[in-house]
Amino acid sequence: MARPAARRNRHLVAASAAAVALFATTTGCVAMATEDPGSSAGPSSIGNGNGNGKGRGDGEAGRSPGAASPGAATPPARVSAEITHDSEDQGKTVNLTIDDGPEPGWTVKVLDLLKKYDAKATFCIIGSRAQEYPGLVKKVAEAGHRLCDHSVDHNTSMDKRAESYQEQQVLDAQKAIEKAAGPGARVLYYRAPGGAFTPYSREVAASHGMRPLGWNVDTHDWQNPGTDRIVETVKKGMKEGPTVLFHDGGGNRGQTVAALERLLPWFKEQGYKFSYPKI
Ligand SMILES: [Zn+2]
């Protein structure tokens, strides 16, 4: 698929809708890199993230964020529409987030590494890819990782499109991912492609039980900057916050896999706990 190189708004601010919009207009030039291959837009984006996105509940209190729930017939409870970056665990934590898959070859390699180091991650899955490779989505879910909706088509300009389109992109992807993952699986987060959130799409996601998900550390792994560079970006970036962005799709992810092979033991040595984004 076409993946334009232009990207901006790496800093996703988890703030009010107004603040997000404002931030986007004022920080669009801060960095050309956003989260994914193809990022070309994003009214919001991520920021230093620390302290942002703290879920204030909005009624989700008491909701169990377990990956697969036997009670799939029950509609998911509404969650906060603010973008989350924090961990649900206290202390020194890391939230690994893996975007743009599943992709044959790479997704399984990432899963194998996570298993080897007893690490957990959140996979932001593209809906059309879930339809194409349901078996890989099932493997992700069965390994106990969390699922995140990354839209149907990864249109990084979806924030410029009609609300009906945004809704379709969010909700059809949720259905495709849950269908592929198997009975009881739930998608707990929504991450807009390229950070192209809108207040409306965040609201749609939140009202269907998916917490908008940002990131703190962008590894730029989709650009293949070299394994050393990816590793250093993460080591230096962890002071920005716990949520780290990697990719298992969008091209050759050999550098991502090699970087994870070095970073996963490093996290353990440094005393990080593998956690999940706070819902
Ligand atoms: Zn993406």
# chains A, B, ... in the order shown; residues from 1 in each chain; ligands from 1

$ closest_atom_pairs --of "chain A" --to "ligand 1" --cutoff "6 Å" --atoms "only C-alpha atoms and all ligand atoms" --output "JSON lines"
{"residue": "A:Asp36", "atom": "CA", "partner": "ligand 1", "partner_atom_place_in_ligand_line": "1 (Zn)", "distance": 4.0}
{"residue": "A:Asp99", "atom": "CA", "partner": "ligand 1", "partner_atom_place_in_ligand_line": "1 (Zn)", "distance": 5.3}
{"residue": "A:Asp100", "atom": "CA", "partner": "ligand 1", "partner_atom_place_in_ligand_line": "1 (Zn)", "distance": 4.7}
{"residue": "A:Pro193", "atom": "CA", "partner": "ligand 1", "partner_atom_place_in_ligand_line": "1 (Zn)", "distance": 4.6}
{"residue": "A:Gly194", "atom": "CA", "partner": "ligand 1", "partner_atom_place_in_ligand_line": "1 (Zn)", "distance": 5.8}

$ residues_around --residues "range 263-271 of chain A" --least-positions-apart "3" --cutoff "7 Å" --atoms "only C-alpha atoms" --output "list in words"
Lys92, Tyr117, Val231, Ala259 and Leu260 of chain A

$ atom_distance --atom1 "CA of Thr93 in chain A" --atom2 "CA of Trp106 in chain A"
24.8 Å

$ select_by_dssp --residues "range 114-274 of chain A" --states "strand (DSSP E or B)" --output "PyMOL selection string"
chain A and resi 121-125+146-149+185+187-190+211-213+217-218+243-247+273-274

$ closest_residue --among "A:Arg161, A:Arg186, A:Arg129, A:Lys109" --to "Arg253 in chain A" --atoms "only C-alpha atoms"
A:Lys109

$ closest_residue --among "A:Lys116, A:His154, A:Lys179, A:Arg202" --to "Lys138 in chain A" --atoms "only C-alpha atoms"
A:Lys179

$ decode --residues "range 70-129 of chain A" --atoms "C-alpha atoms" --output "short mmCIF file (atom, residue, chain, number, x, y, z; two decimals), in the first residue's frame"
data_model
loop_
_atom_site.label_atom_id
_atom_site.label_comp_id
_atom_site.auth_asym_id
_atom_site.auth_seq_id
_atom_site.Cartn_x
_atom_site.Cartn_y
_atom_site.Cartn_z
CA PRO A 70 -15.90 -15.20 28.15
CA GLY A 71 -18.61 -12.60 28.37
CA ALA A 72 -18.23 -11.46 24.81
CA ALA A 73 -21.94 -11.13 24.37
CA THR A 74 -21.96 -8.28 26.84
CA PRO A 75 -21.24 -4.96 25.22
CA PRO A 76 -18.00 -3.49 26.49
CA ALA A 77 -18.30 -0.70 28.97
CA ARG A 78 -17.56 2.79 27.91
CA VAL A 79 -14.05 3.99 28.68
CA SER A 80 -12.40 7.39 28.76
CA ALA A 81 -11.98 9.10 25.39
CA GLU A 82 -8.74 10.73 26.42
CA ILE A 83 -5.52 9.38 24.99
CA THR A 84 -3.69 7.16 27.39
CA HIS A 85 0.07 6.82 27.71
CA ASP A 86 0.49 5.62 31.23
CA SER A 87 0.88 2.09 32.52
CA GLU A 88 -1.75 0.34 34.52
CA ASP A 89 0.98 -0.88 36.86
CA GLN A 90 2.86 1.31 39.24
CA GLY A 91 6.61 1.70 39.36
CA LYS A 92 9.16 1.25 36.62
CA THR A 93 7.20 -0.04 33.68
CA VAL A 94 7.27 -0.35 29.92
CA ASN A 95 4.30 -0.77 27.61
CA LEU A 96 5.42 -2.37 24.38
CA THR A 97 3.11 -1.49 21.50
CA ILE A 98 3.49 -3.19 18.14
CA ASP A 99 1.72 -1.65 15.14
CA ASP A 100 0.63 -2.33 11.59
CA GLY A 101 0.48 -6.09 11.59
CA PRO A 102 -0.15 -8.80 11.42
CA GLU A 103 2.38 -9.59 8.78
CA PRO A 104 3.60 -13.05 7.89
CA GLY A 105 7.19 -13.55 8.88
CA TRP A 106 7.50 -10.66 11.29
CA THR A 107 4.58 -11.06 13.66
CA VAL A 108 5.58 -14.58 14.62
CA LYS A 109 9.19 -13.53 15.17
CA VAL A 110 8.04 -10.79 17.51
CA LEU A 111 5.74 -13.20 19.33
CA ASP A 112 8.59 -15.68 19.75
CA LEU A 113 10.81 -13.02 21.30
CA LEU A 114 8.10 -11.83 23.66
CA LYS A 115 7.61 -15.39 24.79
CA LYS A 116 11.33 -15.96 25.22
CA TYR A 117 11.59 -13.00 27.59
CA ASP A 118 8.20 -13.46 29.20
CA ALA A 119 7.14 -10.05 27.96
CA LYS A 120 3.69 -8.77 27.14
CA ALA A 121 2.71 -6.30 24.48
CA THR A 122 -0.22 -4.53 22.91
CA PHE A 123 -0.69 -5.15 19.20
CA CYS A 124 -2.32 -2.39 17.17
CA ILE A 125 -3.78 -4.34 14.31
CA ILE A 126 -4.97 -3.10 10.94
CA GLY A 127 -8.48 -4.40 10.27
CA SER A 128 -7.91 -5.37 6.66
CA ARG A 129 -4.83 -7.33 7.69
#
